[in-house]
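Colleague: Below is the structure I would like to discuss, written out as structure tokens.
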Amino acid sequence: MAATTLKLKGMSCASCASSIQTAIQQVPGVNDVQVNFATEQASVEYDEQGTNLEKIQAAVADAGYEASERENLGIGKEDAQEQAERKAQQKALLLKTVVSGIIGGVLILGTLPIMLGVDIPGWPMFLHNRWLQLVLATPVLFWCGQSFFVGAWKAFTHRAANMNTLIALGTGAAYAYSLFVTLFPGFLVSQGLAPEVYYETAVVIIAMLLLGRYMEDRAKGQTSDAIRQLMGLQANTARIVRQGEEIDLPIEDVVVGDIVIVRPGEKIPVDGEVTQGTSTVDESMVTGEPIPVKKEQGEEVIGATINKAGSFQFRASRVGKDTVLAQIVQLVQDAQGSKAPIQKLADQVTGWFVPVVIAIAIITFTLWFNTMGNITLALLTTVGVLIIACPCALGLATPTSIMVGTGKGAENGILIKDAESLERSHKIQAIVLDKTGTLTEGKPTVTDYRTIRGIANGNELKLLQMAAAVERNSEHPLAEAVVNYAQSQGIEKSKLTGTQNFEAVTGKGVQGTFDGQLVQIGTERWMQELGVDTERLQGQRQAWEAAAKTTAWIAIDGKAEGLMGISDALKKTSKQAVSALQKMGLEVVMLTGDNQQTAEAIAQAVGIRRVFAEVRPDQKAAQIKQLQAEGKVVAMVGDGINDAPALAQADVGLSIGTGTDVAIAASDITLISGDLQGIVTAIQLSKATIANIRQNLFFAFIYNVAGIPIAAGILYPIFGWLLNPIIAGAAMAFSSVSVVTNALRLRNFQPKGIH
């Protein structure tokens, strides 16, 4: 299975996007395709055994458009190239807009006295000369408006119709009728018709549409500001040590394994591991935490973060598209190019919109001409219907809001996988929070330690050594806490080796043989299953668990010998985040493998009322299903490998960015900083984005539902002036602009009610 992103050229409206999507879908071997009109891109998944990129591009070309693969030129470079192309296009578009606007103004001046029905002394009536108007109007139609006619012709040759078709038919009809009147005025007089021309109508409509397209293009460019801001974070050069010499290289020339030197105040160029020196690094770009983090030998550094006071060297481990920043940019780009389910209705409408509008225009002309016998009225209403119809607004309503919303999420440290995840988030009714690493810091420490035999003959340290030696083989955070505690008590690392037959028992504990004895460390429930008597130290266990500490029993050869109390501090923002979620009307649930008493103590501390405790990792997904069976839309928040199945099962999976790659890959939304307030922000952003989309769709639908009948003359007896096609052109031009402008309001989004 292969996937690619294609850059598209030649699209003028949502109907074009629909035509391209249909063309690609019909290529044998293509499994999935999403064409985004706002980003002018197509995301395609295809079977390499059944087709290839060339065949897909050929299908797009056959449909009358151009497609080229999005090259990986390095972070920022491709965007710079696209920006240069966009600016060149905007410059050419602006020139044509100005030229058509000036000529349109001249033609309006020539016809103003006639339009007003009054004589204006000294008015330059020569401007109303039909031949002069023909000379002025022709270059506007066929140079300024060239793209409309070329696009319409391409669509026609492929037996299709799009927005260009409507514009070309409308302006072309006005121009062709005026040309006929200019060449054969006597014929109309003989038929009892006034030989009026409508060159100004065709010209001003094109000027309005070009102005609207120019404003729309500029506004669409602003929807990707978040991407450009992210790209702007990267350093341009890196100081590398090669063959004993220090050299400055462009960022794209750095390779894995290079030794990179970072001086005070510089941006770290790529991801890597510190090999020499110490410093503090501002990682707020990634984590959102303003406090600089100390870095020393063996620790990881992230590209685009800022070195503070010290100087150090590091070995590059990820460069180019593999860096954290590049992956964040890619995630945001993928999300911006995806489609939300709410867009399906608009896509269905645009699929048949243009043919229906052409049919309405024909009916309009026929009715007015047959009932009134007035070719002028019939022509004006027909041109108005063709021009005012605008599937562009429908096509832009959803993707522009998605682009701004996902970009705003990235600014707030929230990476949204796709538009569907963003849309689902606003429906969440219950949110399940994992305990360790989500509500808590995920850095447990042993705070209490008791043995049944006391400290006689060094028993306490010997038992601790045995437990730590076994735990050293585990990657669980609690195991790390035991090992660290043993070392803090003076037990050397070299004495924690020699464990045999190690086994991690999922959700229960670990066991292994040390110095010929079976050592088992784990939960009380596991001890009971093993038949280990835990009657002694029960009072201590209950006291520790009431204080929200996790307890771990130590058994040697089947007999309980000791007990540990392990504490994991709550994150500072956990209580506020839970309160904010509950105020939003969400049911907050805690899910943990910890014992019931400890879980309830922690839940009480943060204000959670419903707890699923003593849940094994393989049972977490089942708990999510239970909530879904209650009819709830469920979100799951976690950070560990054992959370991945539950994250995938949930309607919306949110992973803590400080967690494992597996959890992040299984989630729909990633909170880069690990701050639970990001959950509140993500849901609020989802609600704001969906509300914005609904506003856009409402305006787009209402515009067309009301605009087409008005243009067809339904209000002619009362408001005859509304039949002027120039008004229709202005309305059509600014309908798309208004939708994009409304979407840009999302850039003002600010999280509420968290602190």
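Following the order of the structure tokens, first chain is A, next is B, and so on, with residues numbered from 1 inside each chain and ligands from 1 in the order they appear.
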List as a short mmCIF file (atom, residue, chain, number, x, y, z; two decimals) with C-alpha atoms, in the first residue's frame the protein and nucleic acid residues near A:Gln146, meaning an atom at most 12 Å away when only C-alpha atoms are counted, but skip any in the same chain fewer than 5 places from it.

Modeller:
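part.cif written:
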data_model
loop_
_atom_site.label_atom_id
_atom_site.label_comp_id
_atom_site.auth_asym_id
_atom_site.auth_seq_id
_atom_site.Cartn_x
_atom_site.Cartn_y
_atom_site.Cartn_z
CA LEU A 93 -4.51 38.27 -10.59
CA LYS A 96 -6.11 41.71 -14.20
CA SER A 100 -10.92 45.03 -15.60
CA THR A 138 -13.07 42.38 -25.57
CA PRO A 139 -9.61 42.33 -23.85
CA VAL A 140 -11.32 42.15 -20.44
CA LEU A 141 -13.28 39.05 -21.41
CA GLY A 151 -11.60 26.33 -17.47
CA ALA A 152 -15.08 26.11 -18.95
CA TRP A 153 -13.73 24.76 -22.25
CA ASN A 164 -16.15 28.38 -14.78
CA ILE A 167 -19.33 32.33 -15.35
CA ALA A 168 -18.40 31.75 -18.99
CA THR A 171 -20.63 36.76 -19.20
CA GLY A 172 -20.39 35.13 -22.62
CA ILE A 206 -15.55 39.69 -14.44
CA LEU A 210 -11.54 38.56 -10.09
#

Colleague: Give me the stretch 397-472 of chain A side of the contact with stretch 518-525 of chain A, cut-off 10 Å, one line per residue showing its nearest atom pair and distance in Å at one decimal, counting only C-alpha atoms, sorted by chain and residue number, as JSON lines.

Modeller:
{"residue": "A:Leu463", "atom": "CA", "partner": "A:Val519", "partner_atom": "CA", "distance": 9.3}
{"residue": "A:Met466", "atom": "CA", "partner": "A:Val519", "partner_atom": "CA", "distance": 7.1}
{"residue": "A:Ala467", "atom": "CA", "partner": "A:Val519", "partner_atom": "CA", "distance": 6.8}
{"residue": "A:Ala468", "atom": "CA", "partner": "A:Ile521", "partner_atom": "CA", "distance": 9.6}
{"residue": "A:Ala469", "atom": "CA", "partner": "A:Val519", "partner_atom": "CA", "distance": 9.4}
{"residue": "A:Val470", "atom": "CA", "partner": "A:Val519", "partner_atom": "CA", "distance": 7.3}
{"residue": "A:Glu471", "atom": "CA", "partner": "A:Ile521", "partner_atom": "CA", "distance": 8.1}

Colleague: Which residues are close to A:Pro269, i.e. within 12 Å by only C-alpha atoms, leaving aside same-chain residues fewer than 6 positions away? Reply as JSON, numbers by chain.

Modeller: {"A": [75, 233, 234, 235, 236, 237, 238, 239, 240, 248, 249, 250, 251, 252, 253, 254, 255, 258, 259, 260, 261, 262, 263, 301, 302, 303, 304, 305, 306, 307, 313, 314, 315, 316, 317, 318, 319, 320, 323, 324, 325, 326]}

Colleague: Might you pull out every residue within 6 Å of stretch 433-446 of chain A, with only C-alpha atoms counted and same-chain residues fewer than 5 positions away left off, and present them as a PyMOL selection string?

Modeller: chain A and resi 481+565-571+574+590-592+637-638

Colleague: Would you write out those residues with N, CA and C atoms, as a PDB file, in the first residue's frame?

Modeller:
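What ended up in out-v9.pdb:
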ATOM      1  N   ALA A 481      11.112   3.074  40.324  1.00  0.00           N
ATOM      2  CA  ALA A 481      11.067   3.715  41.640  1.00  0.00           C
ATOM      3  C   ALA A 481      11.746   2.848  42.697  1.00  0.00           C
ATOM      4  N   GLY A 565       5.425   1.560  50.159  1.00  0.00           N
ATOM      5  CA  GLY A 565       4.452   2.584  49.814  1.00  0.00           C
ATOM      6  C   GLY A 565       5.059   3.478  48.742  1.00  0.00           C
ATOM      7  N   ILE A 566       4.388   3.593  47.621  1.00  0.00           N
ATOM      8  CA  ILE A 566       4.941   4.335  46.476  1.00  0.00           C
ATOM      9  C   ILE A 566       3.989   5.465  46.119  1.00  0.00           C
ATOM     10  N   SER A 567       4.529   6.648  46.039  1.00  0.00           N
ATOM     11  CA  SER A 567       3.708   7.826  45.769  1.00  0.00           C
ATOM     12  C   SER A 567       4.043   8.420  44.402  1.00  0.00           C
ATOM     13  N   ASP A 568       3.023   8.862  43.718  1.00  0.00           N
ATOM     14  CA  ASP A 568       3.197   9.533  42.420  1.00  0.00           C
ATOM     15  C   ASP A 568       2.409  10.832  42.500  1.00  0.00           C
ATOM     16  N   ALA A 569       3.094  11.938  42.558  1.00  0.00           N
ATOM     17  CA  ALA A 569       2.455  13.233  42.786  1.00  0.00           C
ATOM     18  C   ALA A 569       1.493  13.589  41.660  1.00  0.00           C
ATOM     19  N   LEU A 570       0.371  14.187  42.048  1.00  0.00           N
ATOM     20  CA  LEU A 570      -0.573  14.673  41.051  1.00  0.00           C
ATOM     21  C   LEU A 570       0.024  15.840  40.285  1.00  0.00           C
ATOM     22  N   LYS A 571      -0.324  15.934  39.013  1.00  0.00           N
ATOM     23  CA  LYS A 571       0.075  17.113  38.247  1.00  0.00           C
ATOM     24  C   LYS A 571      -0.630  18.335  38.824  1.00  0.00           C
ATOM     25  N   SER A 574      -4.145  18.999  37.348  1.00  0.00           N
ATOM     26  CA  SER A 574      -5.138  17.921  37.249  1.00  0.00           C
ATOM     27  C   SER A 574      -6.486  18.317  37.844  1.00  0.00           C
ATOM     28  N   MET A 590     -12.026   7.892  36.170  1.00  0.00           N
ATOM     29  CA  MET A 590     -10.622   7.508  36.312  1.00  0.00           C
ATOM     30  C   MET A 590     -10.482   6.013  36.110  1.00  0.00           C
ATOM     31  N   LEU A 591      -9.463   5.621  35.359  1.00  0.00           N
ATOM     32  CA  LEU A 591      -9.204   4.212  35.049  1.00  0.00           C
ATOM     33  C   LEU A 591      -7.786   3.884  35.482  1.00  0.00           C
ATOM     34  N   THR A 592      -7.635   2.856  36.323  1.00  0.00           N
ATOM     35  CA  THR A 592      -6.303   2.536  36.824  1.00  0.00           C
ATOM     36  C   THR A 592      -6.192   1.070  37.212  1.00  0.00           C
ATOM     37  N   VAL A 637      -7.963   9.206  27.718  1.00  0.00           N
ATOM     38  CA  VAL A 637      -6.686   9.912  27.800  1.00  0.00           C
ATOM     39  C   VAL A 637      -5.672   9.006  28.480  1.00  0.00           C
ATOM     40  N   GLY A 638      -4.554   8.757  27.821  1.00  0.00           N
ATOM     41  CA  GLY A 638      -3.526   7.890  28.390  1.00  0.00           C
ATOM     42  C   GLY A 638      -2.162   8.217  27.842  1.00  0.00           C
TER      43      GLY A 638
END
